[in-house]
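Enquirer: Below is data_25.txt; it holds compact mmCIF, C-alpha atoms.
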# COMPACT_ATOMS: atom_id res chain seq x y z
CA MET A 15 0.00 0.00 0.00
CA LYS A 16 2.75 2.48 0.92
CA ASN A 17 4.55 1.69 -2.32
CA LYS A 18 1.45 2.54 -4.37
CA ILE A 19 1.06 5.93 -2.61
CA PHE A 20 4.72 6.79 -3.19
CA ILE A 21 4.45 5.97 -6.89
CA ALA A 22 1.34 8.22 -7.23
CA ILE A 23 3.15 11.19 -5.60
CA ILE A 24 6.07 10.86 -8.01
CA ALA A 25 3.70 10.83 -10.99
CA ILE A 26 1.91 14.03 -9.87
CA ALA A 27 5.22 15.83 -9.30
CA THR A 28 6.46 14.83 -12.74
CA LEU A 29 3.22 16.09 -14.37
CA MET A 30 3.48 19.48 -12.61
CA SER A 31 7.09 19.82 -13.62
CA CYS A 32 6.18 19.23 -17.26
CA ASN A 33 3.35 21.77 -17.16
CA SER A 34 5.66 24.36 -15.62
CA ALA A 35 8.24 23.81 -18.32
CA ASN A 36 5.61 24.16 -21.02
CA ASN A 37 4.36 27.42 -19.51
CA LYS A 38 7.85 28.88 -19.38
CA GLY A 39 8.44 27.93 -22.98
CA HIS A 40 5.19 29.58 -24.00
CA GLU A 41 6.05 32.77 -22.12
CA GLY A 42 9.43 32.92 -23.79
CA HIS A 43 7.78 32.53 -27.14
CA GLU A 44 5.42 35.44 -26.42
CA GLY A 45 8.34 37.65 -25.42
CA GLU A 46 10.16 36.79 -28.59
CA GLU A 47 7.09 37.65 -30.65
CA HIS A 48 6.80 41.05 -28.93
CA GLU A 49 10.38 41.91 -29.82
CA GLU A 50 9.82 41.07 -33.46
CA SER A 51 6.49 42.91 -33.77
CA GLY A 52 8.07 46.31 -34.62
CA ALA A 53 11.17 47.25 -36.66
CA GLU A 54 13.81 49.54 -35.15
CA GLY A 55 13.46 53.24 -36.01
CA VAL A 56 9.92 52.87 -37.38
CA VAL A 57 6.78 54.60 -36.11
CA ILE A 58 3.25 53.77 -37.28
CA LEU A 59 0.52 56.43 -37.10
CA ASN A 60 -3.19 55.94 -37.61
CA LYS A 61 -5.27 58.29 -39.72
CA ASN A 62 -6.34 60.48 -36.77
CA GLN A 63 -2.74 60.97 -35.64
CA GLN A 64 -1.69 61.95 -39.16
CA GLU A 65 -4.48 64.52 -39.39
CA ALA A 66 -3.71 65.94 -35.94
CA LEU A 67 -0.06 66.44 -36.91
CA LYS A 68 -0.98 67.70 -40.39
CA ILE A 69 1.64 65.40 -41.85
CA LYS A 70 2.98 66.73 -45.16
CA LEU A 71 4.69 64.44 -47.64
CA GLY A 72 6.97 65.35 -50.51
CA THR A 73 10.30 64.58 -52.12
CA ILE A 74 13.82 65.83 -51.55
CA GLN A 75 14.09 69.14 -53.42
CA MET A 76 16.98 70.61 -55.37
CA ARG A 77 17.61 74.22 -54.28
CA ASN A 78 20.42 76.71 -54.46
CA LEU A 79 21.70 77.06 -50.90
CA THR A 80 25.25 78.12 -51.64
CA THR A 81 26.52 81.66 -51.09
CA VAL A 82 23.55 83.90 -50.29
CA VAL A 83 23.55 87.71 -50.00
CA LYS A 84 20.75 89.23 -47.92
CA THR A 85 19.37 92.56 -49.11
CA ASN A 86 16.49 94.99 -48.76
CA GLY A 87 15.30 98.15 -50.41
CA GLN A 88 12.23 99.54 -52.13
CA LEU A 89 10.41 99.60 -55.44
CA GLU A 90 11.32 102.51 -57.71
CA VAL A 91 10.55 103.77 -61.20
CA ALA A 92 13.08 104.97 -63.76
CA PRO A 93 13.59 108.76 -63.98
CA SER A 94 11.94 108.73 -67.40
CA SER A 95 8.81 107.12 -65.90
CA SER A 96 8.14 109.90 -63.38
CA ALA A 97 7.11 113.49 -64.15
CA ASP A 98 6.38 116.73 -62.29
CA VAL A 99 3.97 118.93 -64.25
CA THR A 100 4.44 122.73 -64.11
CA ALA A 101 2.71 125.67 -65.79
CA ILE A 102 5.79 127.07 -67.64
CA VAL A 103 4.06 130.45 -67.54
CA GLY A 104 2.14 131.60 -64.44
CA GLY A 105 -1.65 131.82 -64.46
CA ASN A 106 -4.87 131.23 -62.55
CA VAL A 107 -6.44 127.77 -62.37
CA LYS A 108 -9.71 127.80 -64.29
CA SER A 109 -10.55 124.07 -64.09
CA ILE A 110 -9.06 120.73 -62.99
CA LYS A 111 -9.80 117.69 -65.14
CA VAL A 112 -8.26 114.82 -63.11
CA PHE A 113 -8.28 113.46 -59.57
CA HIS A 114 -5.60 111.93 -57.37
CA GLY A 115 -5.03 108.29 -58.40
CA ASP A 116 -6.49 108.66 -61.91
CA LYS A 117 -4.80 106.83 -64.75
CA VAL A 118 -3.87 109.23 -67.55
CA ALA A 119 -2.40 108.93 -71.03
CA LYS A 120 0.31 111.04 -72.57
CA GLY A 121 -1.27 114.22 -74.03
CA GLN A 122 -4.41 114.00 -71.85
CA LEU A 123 -5.82 117.30 -70.49
CA LEU A 124 -5.07 117.77 -66.78
CA ALA A 125 -6.08 121.38 -66.08
CA VAL A 126 -6.89 124.72 -67.73
CA LEU A 127 -5.19 127.99 -66.78
CA GLU A 128 -6.16 131.56 -67.72
CA HIS A 129 -4.33 134.91 -67.52
CA PRO A 130 -4.08 138.20 -69.50
CA ASP A 131 -0.40 137.54 -70.15
CA TYR A 132 -1.41 134.69 -72.46
CA ILE A 133 -3.29 137.20 -74.63
CA VAL A 134 -0.37 139.62 -74.68
CA LEU A 135 2.00 136.86 -75.78
CA GLN A 136 -0.26 135.86 -78.64
CA GLU A 137 -0.66 139.50 -79.76
CA GLN A 138 3.10 139.93 -79.84
CA PHE A 139 3.48 136.84 -81.96
CA SER A 140 0.76 137.91 -84.37
CA GLU A 141 2.36 141.35 -84.76
CA VAL A 142 5.82 139.93 -85.38
CA ALA A 143 4.41 137.40 -87.85
CA ASN A 144 2.75 140.12 -89.90
CA LYS A 145 5.82 142.37 -89.78
CA LEU A 146 8.06 139.47 -90.74
CA GLU A 147 6.19 139.02 -93.98
CA PHE A 148 6.83 142.67 -94.95
CA LEU A 149 10.50 142.55 -93.88
CA GLU A 150 11.07 139.36 -95.83
CA LYS A 151 9.82 140.95 -99.06
CA GLU A 152 11.84 144.12 -98.45
CA TYR A 153 14.95 142.03 -97.81
CA GLU A 154 14.49 140.10 -101.07
CA ARG A 155 13.96 143.39 -103.02
CA GLN A 156 17.09 145.05 -101.60
CA LYS A 157 19.08 141.91 -102.24
CA GLU A 158 18.07 141.85 -105.89
CA LEU A 159 18.94 145.54 -106.32
CA PHE A 160 22.29 145.10 -104.65
CA GLU A 161 23.21 142.11 -106.77
CA ASN A 162 22.34 144.10 -109.93
CA ASN A 163 24.43 147.07 -108.74
CA VAL A 164 21.35 149.30 -108.63
CA GLY A 165 20.78 149.65 -104.87
CA ALA A 166 23.15 150.79 -102.18
CA GLY A 167 24.88 148.27 -100.04
CA LYS A 168 23.83 150.13 -96.91
CA ASP A 169 20.12 149.66 -97.65
CA TYR A 170 20.63 145.98 -98.35
CA GLN A 171 22.49 145.39 -95.08
CA GLN A 172 19.82 147.24 -93.06
CA ALA A 173 16.98 145.21 -94.68
CA LYS A 174 18.86 142.01 -94.02
CA SER A 175 19.43 142.90 -90.35
CA GLU A 176 15.83 143.87 -89.71
CA TYR A 177 14.56 140.71 -91.40
CA ASN A 178 16.85 138.37 -89.42
CA THR A 179 15.96 140.11 -86.14
CA ALA A 180 12.25 139.78 -86.78
CA LYS A 181 12.66 136.18 -87.88
CA ALA A 182 14.51 135.27 -84.65
CA LYS A 183 11.83 136.94 -82.55
CA TYR A 184 9.14 135.15 -84.53
CA GLU A 185 10.73 131.74 -83.92
CA GLY A 186 11.19 132.51 -80.21
CA LEU A 187 7.58 133.50 -79.68
CA LYS A 188 6.44 130.52 -81.73
CA SER A 189 8.38 128.13 -79.45
CA ARG A 190 6.92 129.75 -76.32
CA LEU A 191 3.41 129.31 -77.67
CA GLN A 192 4.07 125.66 -78.47
CA LEU A 193 5.30 125.09 -74.90
CA LEU A 194 1.95 126.49 -73.75
CA ASN A 195 0.15 124.10 -76.11
CA LEU A 196 -1.12 127.03 -78.22
CA SER A 197 -1.25 126.72 -82.02
CA PRO A 198 0.88 129.38 -83.84
CA ASP A 199 -1.00 128.72 -87.09
CA LYS A 200 -4.35 129.52 -85.50
CA ILE A 201 -2.96 132.66 -83.90
CA GLU A 202 -1.64 133.87 -87.26
CA GLU A 203 -5.20 133.41 -88.53
CA GLY A 204 -6.40 135.67 -85.73
CA ASN A 205 -7.67 133.05 -83.24
CA ILE A 206 -6.56 134.37 -79.84
CA SER A 207 -7.21 132.30 -76.65
CA ASN A 208 -7.23 133.56 -73.08
CA THR A 209 -6.53 130.06 -71.66
CA VAL A 210 -3.80 127.44 -71.89
CA ASN A 211 -4.11 123.68 -71.40
CA ILE A 212 -1.90 121.68 -69.03
CA ILE A 213 -1.44 118.17 -70.49
CA ALA A 214 0.16 114.94 -69.26
CA PRO A 215 3.74 114.47 -70.52
CA ILE A 216 3.75 110.66 -69.92
CA ASN A 217 1.42 107.71 -69.33
CA GLY A 218 0.84 106.83 -65.70
CA PHE A 219 -1.11 107.56 -62.54
CA VAL A 220 -1.64 110.95 -60.91
CA ASN A 221 0.14 110.82 -57.55
CA GLU A 222 -0.16 114.48 -56.57
CA VAL A 223 -2.67 117.28 -57.23
CA ASN A 224 -1.32 120.49 -55.71
CA ILE A 225 -3.78 123.10 -57.08
CA LYS A 226 -7.29 124.40 -56.51
CA VAL A 227 -9.64 126.28 -58.81
CA GLY A 228 -8.86 130.01 -58.72
CA THR A 229 -5.37 129.57 -57.32
CA TYR A 230 -2.56 131.50 -59.01
CA VAL A 231 0.36 129.25 -59.89
CA ASP A 232 3.82 130.38 -60.84
CA ALA A 233 5.99 128.92 -63.57
CA LYS A 234 8.10 126.94 -61.08
CA ASP A 235 5.20 125.49 -59.06
CA LYS A 236 4.49 121.75 -59.28
CA LEU A 237 0.85 121.27 -60.27
CA PHE A 238 0.77 117.47 -60.67
CA ALA A 239 3.03 114.44 -60.18
CA ILE A 240 2.60 111.44 -62.49
CA THR A 241 4.26 108.02 -62.18
CA ASP A 242 4.29 105.20 -64.70
CA ASN A 243 4.31 102.04 -62.52
CA SER A 244 4.45 99.74 -65.55
CA GLU A 245 8.21 100.36 -65.62
CA ILE A 246 8.74 99.74 -61.90
CA HIS A 247 11.94 98.04 -60.79
CA ALA A 248 13.58 96.89 -57.56
CA ASP A 249 16.18 99.11 -55.90
CA PHE A 250 18.24 97.06 -53.38
CA MET A 251 20.97 98.00 -50.95
CA ILE A 252 24.12 95.81 -50.87
CA TYR A 253 26.54 96.34 -48.00
CA GLU A 254 30.23 96.85 -48.53
CA LYS A 255 31.30 93.34 -47.50
CA ASP A 256 29.05 91.72 -50.15
CA VAL A 257 29.53 94.10 -53.10
CA HIS A 258 32.24 91.94 -54.71
CA LEU A 259 29.81 89.01 -54.89
CA VAL A 260 27.18 90.84 -56.93
CA LYS A 261 27.21 90.85 -60.75
CA GLU A 262 24.84 91.96 -63.48
CA GLY A 263 22.52 89.19 -64.64
CA GLN A 264 22.12 87.55 -61.21
CA THR A 265 18.62 86.74 -59.96
CA VAL A 266 17.22 88.25 -56.77
CA HIS A 267 14.38 86.49 -54.92
CA PHE A 268 12.33 88.97 -52.88
CA THR A 269 8.99 89.67 -51.24
CA VAL A 270 6.98 92.88 -51.03
CA SER A 271 5.74 94.14 -47.65
CA ASN A 272 2.05 93.94 -48.59
CA ARG A 273 2.28 90.34 -49.92
CA PRO A 274 4.89 88.50 -47.78
CA SER A 275 3.76 85.01 -48.85
CA GLU A 276 4.41 85.62 -52.57
CA GLU A 277 8.02 85.37 -53.74
CA LEU A 278 8.99 87.43 -56.80
CA THR A 279 12.19 87.48 -58.83
CA ALA A 280 14.20 90.21 -60.51
CA THR A 281 17.37 90.33 -62.62
CA VAL A 282 20.19 92.74 -61.76
CA PHE A 283 20.81 95.19 -64.62
CA ALA A 284 22.84 97.98 -62.94
CA ILE A 285 25.17 98.27 -59.95
CA GLY A 286 25.97 101.59 -58.27
CA LYS A 287 29.55 102.85 -58.27
CA GLU A 288 29.57 104.76 -54.97
CA PHE A 289 28.74 104.08 -51.33
CA GLU A 290 26.18 105.91 -49.27
CA ALA A 291 27.96 107.85 -46.56
CA ASN A 292 26.02 106.53 -43.56
CA SER A 293 25.18 102.93 -44.42
CA ARG A 294 28.26 102.07 -46.50
CA ALA A 295 25.97 100.38 -48.98
CA VAL A 296 25.68 100.39 -52.77
CA HIS A 297 22.45 100.56 -54.76
CA ILE A 298 21.76 97.79 -57.24
CA HIS A 299 18.85 97.92 -59.68
CA ALA A 300 16.95 94.82 -60.83
CA LYS A 301 14.24 94.40 -63.45
CA LEU A 302 11.16 92.45 -62.33
CA ASN A 303 10.73 89.12 -64.12
CA GLU A 304 6.97 88.88 -63.47
CA LYS A 305 4.15 91.20 -64.43
CA VAL A 306 2.50 91.92 -61.08
CA SER A 307 -0.36 94.35 -60.57
CA GLY A 308 -0.75 96.55 -57.52
CA LEU A 309 2.94 97.39 -57.06
CA ILE A 310 3.60 101.01 -56.08
CA SER A 311 6.81 102.98 -56.11
CA GLY A 312 8.22 103.26 -52.59
CA MET A 313 7.03 99.86 -51.32
CA TYR A 314 9.51 98.16 -48.96
CA ILE A 315 11.06 94.92 -50.24
CA SER A 316 13.42 92.32 -48.76
CA GLY A 317 15.16 89.44 -50.45
CA HIS A 318 18.31 87.51 -51.21
CA LEU A 319 20.41 86.61 -54.21
CA HIS A 320 22.54 83.55 -54.91
CA THR A 321 26.00 84.26 -56.21
CA ASP A 322 26.32 80.93 -58.06
CA LYS A 323 24.09 78.20 -59.48
CA GLN A 324 25.22 75.02 -57.71
CA PHE A 325 22.03 73.23 -56.68
CA THR A 326 21.94 70.73 -53.83
CA GLN A 327 19.50 68.34 -52.09
CA THR A 328 17.38 70.06 -49.42
CA VAL A 329 14.40 69.49 -47.15
CA PRO A 330 12.50 71.93 -44.89
CA ASN A 331 14.07 72.53 -41.48
CA ASP A 332 11.07 70.88 -39.75
CA ALA A 333 11.80 67.63 -41.63
CA ILE A 334 15.11 67.12 -39.78
CA VAL A 335 15.56 65.88 -36.22
CA THR A 336 18.78 65.52 -34.23
CA GLU A 337 19.52 62.72 -31.79
CA GLY A 338 22.90 62.93 -30.14
CA THR A 339 25.43 63.84 -32.81
CA LYS A 340 23.40 62.46 -35.72
CA SER A 341 20.62 63.92 -37.83
CA TYR A 342 17.67 62.08 -39.36
CA ILE A 343 14.71 62.50 -41.67
CA PHE A 344 11.63 60.26 -41.89
CA ILE A 345 10.50 58.49 -45.05
CA VAL A 346 7.35 56.50 -45.84
CA ASP A 347 8.12 52.79 -45.29
CA ASN A 348 5.48 50.61 -46.96
CA GLU A 349 7.45 47.44 -46.28
CA ALA A 350 7.33 48.01 -42.51
CA LEU A 351 3.56 48.45 -42.67
CA GLU A 352 3.17 45.24 -44.69
CA SER A 353 5.34 43.34 -42.19
CA LYS A 354 3.17 44.56 -39.33
CA GLU A 355 -0.02 43.48 -41.10
CA ASN A 356 1.41 40.04 -41.92
CA ALA A 357 2.49 39.54 -38.30
CA GLU A 358 -0.99 40.46 -37.05
CA HIS A 359 -2.58 37.97 -39.45
CA ASP A 360 -0.18 35.21 -38.31
CA ASP A 361 -0.90 35.93 -34.63
CA HIS A 362 -4.63 35.87 -35.32
CA ASP A 363 -4.48 32.55 -37.20
CA LEU A 364 -2.41 30.98 -34.41
CA GLY A 365 -4.88 32.15 -31.78
CA VAL A 366 -7.82 30.72 -33.69
CA GLU A 367 -6.10 27.35 -34.04
CA GLU A 368 -5.30 27.17 -30.32
CA LYS A 369 -8.87 28.05 -29.41
CA ALA A 370 -10.19 25.45 -31.84
CA ASP A 371 -7.93 22.75 -30.33
CA ALA A 372 -9.03 23.67 -26.83
CA HIS A 373 -12.69 23.46 -27.78
CA ALA A 374 -12.10 20.13 -29.47
CA ASP A 375 -10.55 18.68 -26.28
CA ASN A 376 -13.33 19.92 -24.00
CA ASP A 377 -16.32 19.36 -26.26
CA GLU A 378 -17.22 16.06 -27.86
CA HIS A 379 -20.02 17.51 -30.03
CA GLU A 380 -19.24 17.99 -33.70
CA GLY A 381 -21.63 20.97 -33.96
CA HIS A 382 -19.51 22.94 -31.51
CA ASP A 383 -16.41 22.38 -33.61
CA HIS A 384 -18.29 23.60 -36.65
CA ASP A 385 -19.23 26.85 -34.87
CA THR A 386 -15.62 27.48 -33.92
CA GLU A 387 -14.47 27.14 -37.54
CA GLU A 388 -17.18 29.57 -38.70
CA LYS A 389 -16.08 32.18 -36.14
CA ALA A 390 -12.45 31.83 -37.20
CA ASP A 391 -13.37 32.30 -40.85
CA THR A 392 -15.43 35.42 -39.99
CA HIS A 393 -12.54 36.95 -38.02
CA ALA A 394 -10.17 36.34 -40.92
CA ASP A 395 -12.57 38.03 -43.31
CA ASN A 396 -12.67 41.16 -41.12
CA ASP A 397 -8.88 41.35 -41.07
CA SER A 398 -8.62 41.22 -44.85
CA GLY A 399 -9.40 44.99 -45.13
CA HIS A 400 -6.56 46.10 -42.87
CA ASN A 401 -4.69 47.74 -45.77
CA ASN A 402 -7.46 50.34 -45.94
CA SER A 403 -7.22 51.32 -42.28
CA GLY A 404 -5.33 54.54 -43.07
CA GLU A 405 -2.20 53.66 -41.08
CA MET A 406 1.19 54.75 -42.37
CA ALA A 407 4.70 53.67 -41.35
CA PHE A 408 7.60 56.12 -41.18
CA ARG A 409 11.26 55.08 -40.91
CA MET A 410 14.23 57.12 -39.68
CA VAL A 411 16.98 57.71 -42.24
CA GLU A 412 20.33 59.20 -41.26
CA VAL A 413 21.51 62.31 -43.12
CA ILE A 414 24.39 64.76 -42.89
CA THR A 415 23.24 68.38 -42.76
CA GLY A 416 24.89 71.36 -44.44
CA LEU A 417 23.99 74.96 -45.29
CA LYS A 418 20.70 76.48 -44.13
CA ASP A 419 18.73 79.28 -45.78
CA ASP A 420 15.15 80.48 -46.15
CA GLY A 421 13.66 77.61 -44.10
CA TYR A 422 15.56 74.82 -45.92
CA THR A 423 18.60 72.74 -45.00
CA GLN A 424 21.10 71.01 -47.26
CA ILE A 425 21.31 67.24 -46.67
CA THR A 426 23.56 64.39 -47.79
CA LEU A 427 22.13 60.87 -47.53
CA VAL A 428 24.28 58.33 -45.68
CA ASP A 429 22.56 55.55 -47.64
CA SER A 430 20.99 56.11 -51.02
CA LEU A 431 17.21 56.07 -51.41
CA PRO A 432 15.03 55.13 -54.40
CA GLU A 433 14.05 58.00 -56.67
CA ASN A 434 10.89 59.90 -55.65
CA THR A 435 10.96 58.47 -52.11
CA GLN A 436 8.23 60.15 -50.03
CA VAL A 437 9.69 62.25 -47.23
CA VAL A 438 7.88 63.69 -44.19
CA LEU A 439 8.32 67.46 -44.52
CA ASN A 440 7.29 68.42 -40.95
CA SER A 441 6.75 67.16 -37.37
CA ALA A 442 10.02 65.19 -37.31
CA TYR A 443 10.48 65.78 -33.56
CA TYR A 444 7.05 64.34 -32.82
CA LEU A 445 7.80 61.20 -34.82
CA LEU A 446 11.07 60.78 -32.93
CA SER A 447 9.25 61.11 -29.60
CA GLU A 448 6.77 58.42 -30.68
CA ILE A 449 9.68 56.07 -31.36
CA GLY A 450 11.03 56.88 -27.90
CA LYS A 451 7.68 56.03 -26.31
CA GLY A 452 7.58 52.72 -28.16
CA GLU A 453 11.07 51.76 -27.01
CA THR A 454 10.29 52.64 -23.39
CA SER A 455 7.12 50.56 -23.46
CA HIS A 456 9.01 47.63 -25.02
CA GLU A 457 11.69 47.70 -22.30
CA HIS A 458 9.01 47.74 -19.65
Can you turn what I pasted into structure tokens?

Expert:
Amino acid sequence: MKNKIFIAIIAIATLMSCNSANNKGHEGHEGEEHEESGAEGVVILNKNQQEALKIKLGTIQMRNLTTVVKTNGQLEVAPSSSADVTAIVGGNVKSIKVFHGDKVAKGQLLAVLEHPDYIVLQEQFSEVANKLEFLEKEYERQKELFENNVGAGKDYQQAKSEYNTAKAKYEGLKSRLQLLNLSPDKIEEGNISNTVNIIAPINGFVNEVNIKVGTYVDAKDKLFAITDNSEIHADFMIYEKDVHLVKEGQTVHFTVSNRPSEELTATVFAIGKEFEANSRAVHIHAKLNEKVSGLISGMYISGHLHTDKQFTQTVPNDAIVTEGTKSYIFIVDNEALESKENAEHDDHDLGVEEKADAHADNDEHEGHDHDTEEKADTHADNDSGHNNSGEMAFRMVEVITGLKDDGYTQITLVDSLPENTQVVLNSAYYLLSEIGKGETSHEH
């Protein structure tokens, strides 16, 4: 009897030992599976996380980040595209035909002036014109007599002098009338006007109106200012230390103060030859490459120009993250996402099989086994749409950083990437922190 009890105790102990060993082996297998469930340096985000971070994808861009000269200045027009309008001869303002900001064409009427002096000037011209006709005939008569040795030389010389004097006066008065926009031909016909017209000398916009009706204006007074903005150009300031880098034909990238989000370009066509006394800077002039409406002379501009054309690989600054002494970017890793999905399917299939075996051991009814198989098939069908879940995998890629400018950084890839690889253009620090969370959880 004692021998039978002893043998039973040994059998129970052996069975417990085997079960314990099996459990330990199963736990080790689970731990191994957890280690292999995620690749190193990869983070997977669901659709909600991507939207919350506003993840932007793109490719590595080629930009010119070599030697860059910073500059600022203002928009200007050429001297020939700006005009101050004066009266030439003083008078009273009778009427004003334009308003501040109006667009005018060359030759368009701006204002009308009136004054008695205009009448006097026309009378003088008419008198000289009539006298000139008589003097011209007298001069020709005396010349003919002199050449035929009939008339005295003294009479011929006097007729010639009087004719030339009258002719000079006639031409002078004629020019003055033309400056006042009065027709000499009409005046010779007896059409005298008591007004003169002030007309626009160029196309452009009226920037200043400095007169009122009834006001007397002198010859030197500025009545209007007109600017032709169609010929506007960029006037930049280059400091002394950078002047040697600037050459005609270089392209300047700049923004205007009233539209900071829109980058414009201009080509340098002239470089100043003297420094400003206070700033020690030189003016450079650049012609705009785009036709942009709404630009006004005097607008503040800021920009930069590249002194060579060596393009390099770049990404936005927010696409780069630093860990220790190394720098990284994140790329879309479809293979990592596929590996994760395959692992989840394998784990699911294994779990279904284990549950089916357990049910088969505990249940002798065939109907129960049939239900278990149906549930497993249904679960597998639900998992088949996992590719459409919206998840994306991002993998860290080491890069070497270089020059920085205008929100972009030069990069050199440690390992080459396929062409058109999708790169995460922002939120790199957040992705790195997600990897850190995953590693901490794994160690725990």

Enquirer: Could you state the separation of CA of Val266 (chain A) and CA of His318 (chain A) in Å, given to one decimal place?

Expert: 5.7 Å

Enquirer: I need the residue nearest Val346 (chain A) from this list: A:Ser244, A:Gln264, A:Asn272, A:Thr435. Use all atoms listed in the file for the distance.

Expert: A:Thr435

Enquirer: Skipping near chain neighbours, those fewer than 4 positions away, what residues fall within 12 Å of region 179-190 of chain A using only C-alpha atoms, listed as a PyMOL selection string?

Expert: chain A and resi 102-103+132+134-150+153+172-175+194-202+210

Enquirer: I'd like the interatomic distance between CA of Val260 (chain A) and CA of Asp242 (chain A), to a tenth of an Å.

Expert: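 One can read the CA of Val260 (chain A) to CA of Asp242 (chain A) distance as 28.1 Å.
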
Enquirer: List every protein, DNA or RNA residue that has an atom no more than 12 Å from (15.6, 62.9, -37.3) in the file's coordinate frame, counting only C-alpha atoms, and report them as number ranges by chain.

Expert: A: 55-56, 329, 331-345, 408-415, 425, 437-449

Enquirer: How far is it from CA of Gly416 (chain A) to CA of Ala280 (chain A), in Å with one decimal?

Expert: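 Pair CA of Gly416 (chain A) / CA of Ala280 (chain A) returns 27.0 Å.
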
Enquirer: Please list as a count of residues only every residue within 7 Å of Ile212 (chain A), counting all atoms listed in the file and excluding residues in the same chain fewer than 6 positions away.

Expert: 5

Enquirer: Taking only C-alpha atoms into account, which of A:Asp98, A:Glu161, A:Asp256, A:Glu245 comes nearest Val223 (chain A)?

Expert: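 Ranking A:Asp98, A:Glu161, A:Asp256, A:Glu245 by distance to Val223 (chain A), first place goes to A:Asp98.
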
Enquirer: Determine, counting all atoms listed in the file, which protein, DNA and RNA residues have an atom within 6 Å of an atom of Ala407 (chain A); residues of the same chain fewer than 2 positions away are not included. Present the result as a list in words.

Expert: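 These residues fall inside the cut-off: Val57, Ile58, Val346, Asp347 and Leu351 of chain A.
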
Enquirer: Can those selected residues be exported to a file as a CSV table (one decimal), keeping the file's coordinate frame so that it contains C-alpha atoms?

Expert:
chain,number,residue,atom,x,y,z
A,57,VAL,CA,6.8,54.6,-36.1
A,58,ILE,CA,3.2,53.8,-37.3
A,346,VAL,CA,7.4,56.5,-45.8
A,347,ASP,CA,8.1,52.8,-45.3
A,351,LEU,CA,3.6,48.4,-42.7

Enquirer: Excluding Glu277 (chain A) and its own-chain neighbours fewer than 6 positions away, which residues fall within 7 Å of it when counting all atoms listed in the file? Please give them as a PDB file with C-alpha atoms, in the coordinates of the input.

Expert:
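As a result, out_19.pdb now contains:
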ATOM      1  CA  HIS A 267      14.380  86.490 -54.920  1.00  0.00           C
ATOM      2  CA  PHE A 268      12.330  88.970 -52.880  1.00  0.00           C
ATOM      3  CA  THR A 269       8.990  89.670 -51.240  1.00  0.00           C
TER       4      THR A 269
END

Enquirer: I want to know what sits within 7 Å of Thr265 (chain A), based on all atoms listed in the file, with residues of the same chain fewer than 3 positions away left out; could you give that as number ranges by chain?

Expert: A: 279-282, 319

Enquirer: Counting only C-alpha atoms, which residues of region 156-240 of chain A sit at most 12 Å from some atom of region 94-97 of chain A, and what is each one's closest atom pair with its distance in Å to one decimal, listed by chain and rising residue number, as CSV?

Expert:
residue,atom,partner,partner_atom,distance
A:Ile213,CA,A:Ala97,CA,11.6
A:Ala214,CA,A:Ala97,CA,8.7
A:Pro215,CA,A:Ala97,CA,7.3
A:Ile216,CA,A:Ala97,CA,7.3
A:Asn217,CA,A:Ser95,CA,8.2
A:Gly218,CA,A:Ser95,CA,8.0
A:Phe219,CA,A:Ser96,CA,9.6
A:Val220,CA,A:Ala97,CA,9.7
A:Asn221,CA,A:Ser96,CA,9.9
A:Glu222,CA,A:Ala97,CA,10.5
A:Lys236,CA,A:Ala97,CA,9.9
A:Leu237,CA,A:Ala97,CA,10.7
A:Phe238,CA,A:Ala97,CA,8.3
A:Ala239,CA,A:Ala97,CA,5.8
A:Ile240,CA,A:Ala97,CA,5.2

Enquirer: Please produce an output containing C-alpha atoms for each residue in the selection, written as a short mmCIF file (atom, residue, chain, number, x, y, z; two decimals), keeping the file's coordinate frame.

Expert:
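Output below, filename result08.cif:
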data_model
loop_
_atom_site.label_atom_id
_atom_site.label_comp_id
_atom_site.auth_asym_id
_atom_site.auth_seq_id
_atom_site.Cartn_x
_atom_site.Cartn_y
_atom_site.Cartn_z
CA ILE A 213 -1.44 118.17 -70.49
CA ALA A 214 0.16 114.94 -69.26
CA PRO A 215 3.74 114.47 -70.52
CA ILE A 216 3.75 110.66 -69.92
CA ASN A 217 1.42 107.71 -69.33
CA GLY A 218 0.84 106.83 -65.70
CA PHE A 219 -1.11 107.56 -62.54
CA VAL A 220 -1.64 110.95 -60.91
CA ASN A 221 0.14 110.82 -57.55
CA GLU A 222 -0.16 114.48 -56.57
CA LYS A 236 4.49 121.75 -59.28
CA LEU A 237 0.85 121.27 -60.27
CA PHE A 238 0.77 117.47 -60.67
CA ALA A 239 3.03 114.44 -60.18
CA ILE A 240 2.60 111.44 -62.49
#

Enquirer: Find, counting all atoms listed in the file, the residue in A:Lys287, A:Lys255, A:Lys70, A:Arg77 that gets nearest to Tyr422 (chain A).

Expert: A:Arg77

Enquirer: Point out the residue among A:Val118, A:Val82, A:Leu427, A:Ile133 with the least atom-to-atom distance to Gly204 (chain A), counting all atoms listed in the file.

Expert: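 Ranked by minimum distance to Gly204 (chain A), first place goes to A:Ile133.
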
Enquirer: Which one is closest to Gly308 (chain A): A:Asp232, A:Asn178, A:Ile246, A:Ile206? Count only C-alpha atoms.

Expert: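 For Gly308 (chain A), the nearest of the candidates is A:Ile246.
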
Enquirer: Using only C-alpha atoms, pick whichever of A:Thr85, A:Ser271, A:Thr209, A:Gln64 has the shortest atom-to-atom distance to Pro130 (chain A).

Expert: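 Nearest to Pro130 (chain A): A:Thr209.
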